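Have a look at the structure below before the remarks.
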Amino acid sequence: MLDMSDQGFGVRFGVDPEALTGRRILIIVENLPVPFDRRVWHEARTLTAAGAQVSVICPMAGEWIAPYEMIEGVHIYRHPLNADGGGARAYIKEYLQALYWQTRLAWRVWRERGFDTLQGCNPPDLVFLVAAPFRLMGKRYIFDHHDLNPELYEAKFGKRGFFWNALRIAERLNFATASVVISTNESYRRIALQRGRKRAEDVFVVRSGPDLSRMRPVPQNPAWRGDGKFLVGYLGVMGEQEGIDLLLEAVQTLVHVHGREDIRFVLVGGGPALADLRALCTRMGLDAYVRFTGRASDADLLEVLSTADICVNPDRVTPMNDLSTMNKILEYMAMGKPIVQFEVTEGRVSAGEASLYATPNDPQDLAAKILSLIDDPDMRERMGAIGQARVGRDMHWGASVAPLLAAYRHAV
């Protein structure tokens with residue numbers, strides 16, 4: 001659950017309430033519902049606080065199944081969407097279904113309240129098709145670049161081929177039709193400039209920083225440790241490219257090679273691979289050491305991270321993960337937790353000295369790094385303080401407000 005009682009969002013982040021007065025904005029996102037999608041929800045609330053009228057189109061999922069509702073002044077339209085079936089044909093079916101509903105609901109928003117700017121969030125890179133007729137009417141299209149879609153396909157299926165080439169074409173068209181591109185980090189900005197051929201002045205870096213009024217430590221709950229002495233926390237999607245199988249191999253190494261039966265792991269999050277990962281954990285004989293919560297409430301999430309001695313990010317090192325900023329890293333840092341992750345470019349940019357870095361995709365080295373941190377409380381405290389200060393200084397959502405509003409001003 002999300003706390004919807006906070007009405008001081010704009011004041012807290014110093015948003016000029018007249019910065020976008022009179023603007024009418026439509027945001028389309030496919031892969032997550034709003035307000036569950038933290039980044040899009042922060043964007044929508046910021047734009048609303050700046051005086052704009054904001055509508056959002058997104059899928060139904062989890063508890064967010066109302067076809068329409070207004071939350072904190074944001075008009076949210078949701079549509080049904082088939083779950084990821086795991087194959088290329090399933091993705092095509094999902095994309096076509098999403099395009100149908102996005103187009104239908106975009107025209108509904110246009111009739112009911114209108115909009116002058118449409119923001120499309122990927123994956124996939126197809127929202128430009130929904131925006132096309134409105135661009136002919138003089139409306140602006142902003143591309144909010146969340147994922148490297150061709151790299152995501154390659155990470156999921158381990159190949160390129162026809163569909164990979166189709167995704168590269170879609171990405172190119174998405175960039176080409178956008179008046180402004182919002183990039184989540186400097187690596188994505190370089191993609192927009194080089195692969196997307198955008199002008200430097202049309203690309204703005206808007207990082208997905210946490211809201212520090214929500215993502216903050218709470219009293220520890222020893223129940224999450226169970227009968228263990230130490231707790232390692234994980235927050236994120238349970239998918240194939242998230243490397244949870246590598247984390248389970250690291251746990252197996254800790255238990256059976258190093259004899260460390262005093263460490264417990266709590267993994268928070270849902271996703272398409274959750275059932276398979278639970279089954280794998282059982283087959284590996286690790287149920288006594290690893291707990292999967294599935295999708296959890298905010299209260300449980302904060303308790304787990306507050307209770308954890310360290311946090312871990314086992315994302316596989318792929319071209320996509322290497323260049324992507326993972327929200328979980330910044331949220332771990334906001335909670336003051338030291339981190340262990342594989343060596344990736346943007347992971348190091350985000351965490352710096354708040355993390356230890358294991359050899360890419362090597363579960364044995366991941367286990368060794370976890371163990372070295374578990375057994376050094378002084379290092380844990382020092383690294384946690386570094387990360388918390390780093391986020392509090394310049395990597396929280398408030399630091400992204402100015403570039404987001406600048407992108408919107410530039411679009412017109």
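FYI, nothing fancy with the structure tokens labels: chains A, B, ... in order, residues from 1 per chain, ligands from 1 as they appear.
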Which residues come within 6 Å of stretch 358-375 of chain A, counting only C-alpha atoms, excluding same-chain residues fewer than 3 positions away, as a PDB file with C-alpha atoms, in the first residue's frame?
```pdb
ATOM      1  CA  LEU A 246      22.994 -16.209  -8.737  1.00  0.00           C
ATOM      2  CA  GLU A 249      24.084 -19.887  -5.507  1.00  0.00           C
ATOM      3  CA  ALA A 250      25.870 -17.370  -3.284  1.00  0.00           C
ATOM      4  CA  ARG A 316      23.234 -10.011 -13.947  1.00  0.00           C
ATOM      5  CA  VAL A 317      25.849  -7.950 -15.720  1.00  0.00           C
ATOM      6  CA  PHE A 342      28.252  -7.030  -9.168  1.00  0.00           C
ATOM      7  CA  GLU A 343      30.572  -4.565 -10.898  1.00  0.00           C
TER       8      GLU A 343
END
```
Per residue of stretch 162-208 of chain A within 12 Å of stretch 90-113 of chain A, record the nearest atom pair and its distance in Å to one decimal, counting only C-alpha atoms, with rows in chain order and ascending residue number, as a Markdown table.
```
| residue | atom | partner | partner_atom | distance |
| --- | --- | --- | --- | --- |
| A:Phe163 | CA | A:Ile92 | CA | 9.6 |
| A:Ala166 | CA | A:Ile92 | CA | 11.2 |
| A:Leu167 | CA | A:Ile92 | CA | 11.2 |
```
Go ahead and write the residues just picked, C-alpha atoms, as a CSV table (one decimal), in the first residue's frame.
```csv
chain,number,residue,atom,x,y,z
A,163,PHE,CA,12.6,-9.0,-33.1
A,166,ALA,CA,12.5,-4.5,-34.9
A,167,LEU,CA,13.0,-3.1,-31.4
```
Find the spatial neighbours of stretch 74-84 of chain A, counting only C-alpha atoms, within a cut-off of 8 Å - ignore same-chain residues fewer than 6 positions away - and output them as a PyMOL selection string. chain A and resi 33-34+44-45+48+53-60+65-68+90-91+94+97-98+101+105+272
Filtering to C-alpha atoms, could you give me those residues as a PDB file, in the first residue's frame?
```
ATOM      1  CA  PRO A  33       0.387   0.650 -12.696  1.00  0.00           C
ATOM      2  CA  VAL A  34       0.313   4.105 -11.156  1.00  0.00           C
ATOM      3  CA  ALA A  44       2.911  13.148 -12.022  1.00  0.00           C
ATOM      4  CA  ARG A  45       2.827  14.673  -8.536  1.00  0.00           C
ATOM      5  CA  THR A  48       0.596  18.645 -10.697  1.00  0.00           C
ATOM      6  CA  GLN A  53      -3.413  19.214 -15.092  1.00  0.00           C
ATOM      7  CA  VAL A  54      -2.076  15.655 -15.313  1.00  0.00           C
ATOM      8  CA  SER A  55      -3.698  12.485 -16.630  1.00  0.00           C
ATOM      9  CA  VAL A  56      -2.033   9.056 -16.635  1.00  0.00           C
ATOM     10  CA  ILE A  57      -2.792   5.916 -18.675  1.00  0.00           C
ATOM     11  CA  CYS A  58      -1.398   2.691 -17.241  1.00  0.00           C
ATOM     12  CA  PRO A  59      -2.224  -1.019 -16.847  1.00  0.00           C
ATOM     13  CA  MET A  60      -4.227  -2.646 -14.069  1.00  0.00           C
ATOM     14  CA  ILE A  65      -7.559  -2.228 -10.705  1.00  0.00           C
ATOM     15  CA  ALA A  66      -9.997   0.709 -10.760  1.00  0.00           C
ATOM     16  CA  PRO A  67     -10.552   1.755 -14.409  1.00  0.00           C
ATOM     17  CA  TYR A  68     -10.496   5.392 -13.329  1.00  0.00           C
ATOM     18  CA  ALA A  90       3.458 -13.190 -25.930  1.00  0.00           C
ATOM     19  CA  TYR A  91       5.243  -9.845 -25.982  1.00  0.00           C
ATOM     20  CA  GLU A  94       0.854  -7.728 -24.990  1.00  0.00           C
ATOM     21  CA  GLN A  97      -3.262  -5.036 -26.583  1.00  0.00           C
ATOM     22  CA  ALA A  98      -1.576  -2.144 -24.794  1.00  0.00           C
ATOM     23  CA  TRP A 101      -6.107   0.527 -24.894  1.00  0.00           C
ATOM     24  CA  LEU A 105      -7.955   6.016 -23.596  1.00  0.00           C
ATOM     25  CA  PRO A 272       7.011 -13.418 -13.363  1.00  0.00           C
TER      26      PRO A 272
END
```
Quick one: pull the distance between atom CA of A:Ala273 and atom CA of A:Arg295, Å, one decimal. 12.6 Å
DSSP on the backbone, then: every residue of stretch 187-275 of chain A marked alpha helix (DSSP H), written as a ChimeraX atom specification. /A:187-194,244-256,274-275
Which residues, written as a ChimeraX atom specification, have at least one atom at most 12 Å from A:Ile310, with only C-alpha atoms counted and residues fewer than 3 positions away on the same chain left out? /A:230-235,263-266,304-307,313,329,332-333,335-341,354-356,369-377,379-384
Please dump the current selection as a compact mmCIF listing (two decimals), in the first residue's frame; keep N, CA and C atoms.
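Produced file out10.txt, reproduced below:
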```txt
# COMPACT_ATOMS: atom_id res chain seq x y z
N PHE A 230 22.30 -12.55 11.44
CA PHE A 230 22.44 -11.47 10.48
C PHE A 230 21.35 -11.57 9.42
N LEU A 231 21.01 -10.41 8.84
CA LEU A 231 19.98 -10.38 7.79
C LEU A 231 20.49 -9.62 6.58
N VAL A 232 20.32 -10.24 5.40
CA VAL A 232 20.62 -9.61 4.12
C VAL A 232 19.30 -9.34 3.41
N GLY A 233 19.08 -8.10 3.00
CA GLY A 233 17.82 -7.73 2.36
C GLY A 233 17.96 -7.52 0.86
N TYR A 234 16.86 -7.82 0.16
CA TYR A 234 16.79 -7.56 -1.29
C TYR A 234 15.42 -6.98 -1.59
N LEU A 235 15.38 -5.98 -2.46
CA LEU A 235 14.14 -5.37 -2.92
C LEU A 235 14.18 -5.29 -4.42
N ILE A 263 23.18 -16.59 8.80
CA ILE A 263 22.76 -15.48 7.93
C ILE A 263 21.42 -15.83 7.29
N ARG A 264 20.48 -14.89 7.34
CA ARG A 264 19.18 -15.07 6.70
C ARG A 264 19.01 -14.04 5.59
N PHE A 265 18.26 -14.42 4.58
CA PHE A 265 17.99 -13.55 3.43
C PHE A 265 16.48 -13.35 3.29
N VAL A 266 16.05 -12.11 3.19
CA VAL A 266 14.64 -11.81 2.92
C VAL A 266 14.58 -11.05 1.61
N VAL A 304 11.87 -4.56 6.64
CA VAL A 304 12.92 -5.46 6.18
C VAL A 304 14.23 -4.70 5.97
N LEU A 305 14.15 -3.59 5.24
CA LEU A 305 15.37 -2.84 4.95
C LEU A 305 15.96 -2.22 6.21
N SER A 306 15.13 -1.81 7.15
CA SER A 306 15.64 -1.24 8.40
C SER A 306 16.32 -2.30 9.26
N THR A 307 15.81 -3.53 9.21
CA THR A 307 16.34 -4.61 10.02
C THR A 307 17.60 -5.23 9.40
N ASN A 313 22.34 -6.55 -4.40
CA ASN A 313 21.79 -6.41 -5.76
C ASN A 313 22.51 -7.40 -6.66
N ILE A 329 19.13 0.37 -5.55
CA ILE A 329 20.42 0.84 -5.02
C ILE A 329 20.24 2.14 -4.26
N TYR A 332 18.30 1.50 -1.02
CA TYR A 332 19.19 0.94 0.01
C TYR A 332 20.02 2.06 0.66
N MET A 333 20.55 2.92 -0.17
CA MET A 333 21.39 4.01 0.34
C MET A 333 20.57 4.96 1.22
N MET A 335 18.20 4.20 3.07
CA MET A 335 17.97 3.53 4.34
C MET A 335 19.25 3.38 5.15
N GLY A 336 20.37 3.87 4.61
CA GLY A 336 21.64 3.80 5.33
C GLY A 336 22.26 2.42 5.36
N LYS A 337 22.01 1.62 4.31
CA LYS A 337 22.51 0.25 4.29
C LYS A 337 23.70 0.08 3.35
N PRO A 338 24.75 -0.60 3.79
CA PRO A 338 25.85 -0.93 2.87
C PRO A 338 25.37 -1.97 1.87
N ILE A 339 26.01 -2.00 0.71
CA ILE A 339 25.50 -2.78 -0.42
C ILE A 339 26.58 -3.71 -0.94
N VAL A 340 26.14 -4.86 -1.45
CA VAL A 340 27.01 -5.72 -2.25
C VAL A 340 26.31 -5.92 -3.59
N GLN A 341 27.05 -5.71 -4.68
CA GLN A 341 26.49 -5.89 -6.03
C GLN A 341 27.62 -6.30 -6.96
N ALA A 354 29.70 3.33 -1.11
CA ALA A 354 28.67 2.72 -0.27
C ALA A 354 28.47 1.26 -0.60
N SER A 355 29.21 0.73 -1.57
CA SER A 355 29.01 -0.64 -2.03
C SER A 355 30.34 -1.36 -2.19
N LEU A 356 30.29 -2.68 -2.04
CA LEU A 356 31.36 -3.56 -2.50
C LEU A 356 30.94 -4.15 -3.83
N LYS A 369 32.07 -11.36 -0.87
CA LYS A 369 31.87 -9.95 -0.54
C LYS A 369 30.82 -9.79 0.56
N ILE A 370 29.75 -10.57 0.48
CA ILE A 370 28.73 -10.53 1.54
C ILE A 370 29.35 -10.90 2.87
N LEU A 371 30.15 -11.94 2.88
CA LEU A 371 30.77 -12.43 4.11
C LEU A 371 31.73 -11.39 4.70
N SER A 372 32.52 -10.76 3.86
CA SER A 372 33.48 -9.77 4.36
C SER A 372 32.77 -8.59 4.99
N LEU A 373 31.61 -8.24 4.45
CA LEU A 373 30.86 -7.11 4.99
C LEU A 373 30.11 -7.51 6.26
N ILE A 374 29.54 -8.70 6.27
CA ILE A 374 28.84 -9.20 7.45
C ILE A 374 29.77 -9.23 8.65
N ASP A 375 31.03 -9.61 8.44
CA ASP A 375 31.98 -9.79 9.55
C ASP A 375 32.74 -8.52 9.92
N ASP A 376 32.36 -7.39 9.33
CA ASP A 376 33.05 -6.13 9.64
C ASP A 376 32.02 -5.05 9.95
N PRO A 377 31.54 -4.98 11.20
CA PRO A 377 30.50 -3.99 11.54
C PRO A 377 30.95 -2.55 11.35
N MET A 379 32.94 -1.39 8.99
CA MET A 379 32.83 -1.08 7.57
C MET A 379 31.37 -0.92 7.17
N ARG A 380 30.50 -1.76 7.72
CA ARG A 380 29.07 -1.63 7.41
C ARG A 380 28.55 -0.25 7.80
N GLU A 381 28.91 0.17 9.00
CA GLU A 381 28.43 1.47 9.48
C GLU A 381 28.98 2.61 8.63
N ARG A 382 30.25 2.53 8.28
CA ARG A 382 30.88 3.59 7.48
C ARG A 382 30.26 3.67 6.08
N MET A 383 30.10 2.53 5.44
CA MET A 383 29.54 2.52 4.09
C MET A 383 28.08 2.97 4.08
N GLY A 384 27.32 2.54 5.09
CA GLY A 384 25.93 2.96 5.17
C GLY A 384 25.80 4.47 5.31
```
If we count only C-alpha atoms and set the cut-off at 7 Å, which residues sit around stretch 184-192 of chain A, ignoring sequence neighbours fewer than 2 positions away in its own chain? Please answer as a list in words. His145, His146, Ile182, Gln194, Arg195, Gly196, Arg197, Lys198, Val203, Val205, Val206, Arg207, Ser208, Leu323 and Thr325 of chain A
Only C-alpha atoms, please: the residues just picked out, written as a PDB file, in the first residue's frame.
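Saved file part-v4.pdb follows:
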```pdb
ATOM      1  CA  HIS A 145      13.487   6.698 -21.442  1.00  0.00           C
ATOM      2  CA  HIS A 146      13.183   4.073 -18.671  1.00  0.00           C
ATOM      3  CA  ILE A 182      14.125  12.536 -20.527  1.00  0.00           C
ATOM      4  CA  GLN A 194      24.457   8.758 -30.256  1.00  0.00           C
ATOM      5  CA  ARG A 195      21.926   6.062 -31.122  1.00  0.00           C
ATOM      6  CA  GLY A 196      18.931   8.382 -30.978  1.00  0.00           C
ATOM      7  CA  ARG A 197      20.721  11.227 -32.799  1.00  0.00           C
ATOM      8  CA  LYS A 198      19.121  13.831 -30.540  1.00  0.00           C
ATOM      9  CA  VAL A 203      17.938  15.705 -23.733  1.00  0.00           C
ATOM     10  CA  VAL A 205      18.724  13.807 -17.228  1.00  0.00           C
ATOM     11  CA  VAL A 206      15.973  13.186 -14.658  1.00  0.00           C
ATOM     12  CA  ARG A 207      17.105  10.552 -12.171  1.00  0.00           C
ATOM     13  CA  SER A 208      14.688   8.273 -10.322  1.00  0.00           C
ATOM     14  CA  LEU A 323      24.014   1.120 -18.147  1.00  0.00           C
ATOM     15  CA  THR A 325      20.301   2.936 -12.711  1.00  0.00           C
TER      16      THR A 325
END
```
For stretch 27-64 of chain A versus stretch 127-144 of chain A, which residues have an atom no more than 12 Å away, and what is each residue's nearest atom pair and distance in Å rounded to one decimal, using only C-alpha atoms, chain-then-number order, as a tab-separated table?
```
residue	atom	partner	partner_atom	distance
A:Ile27	CA	A:Ile142	CA	9.2
A:Ile28	CA	A:Val127	CA	7.4
A:Val29	CA	A:Val127	CA	8.5
A:Glu30	CA	A:Val127	CA	9.1
A:Arg39	CA	A:Asp144	CA	10.3
A:Val40	CA	A:Asp144	CA	9.4
A:Glu43	CA	A:Asp144	CA	10.4
A:Ile57	CA	A:Val127	CA	11.2
A:Cys58	CA	A:Val127	CA	11.8
```
Let's see if you can do this: from backbone DSSP, list all strand (DSSP E) residues in stretch 84-174 of chain A, as a VMD selection string. chain A and resid 117 to 121 140 to 145
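For the residues A:Met284, A:Asn327, A:Tyr357, A:Leu148, ranking by smallest atom-to-atom distance to A:Thr253 using only C-alpha atoms places A:Met284 first.
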At a cut-off of 7 Å, using only C-alpha atoms, what residues contact stretch 238-241 of chain A? Leave out same-chain residues fewer than 5 positions from it and give the result as a VMD selection string. chain A and resid 155 to 156 269 to 274 315 to 316
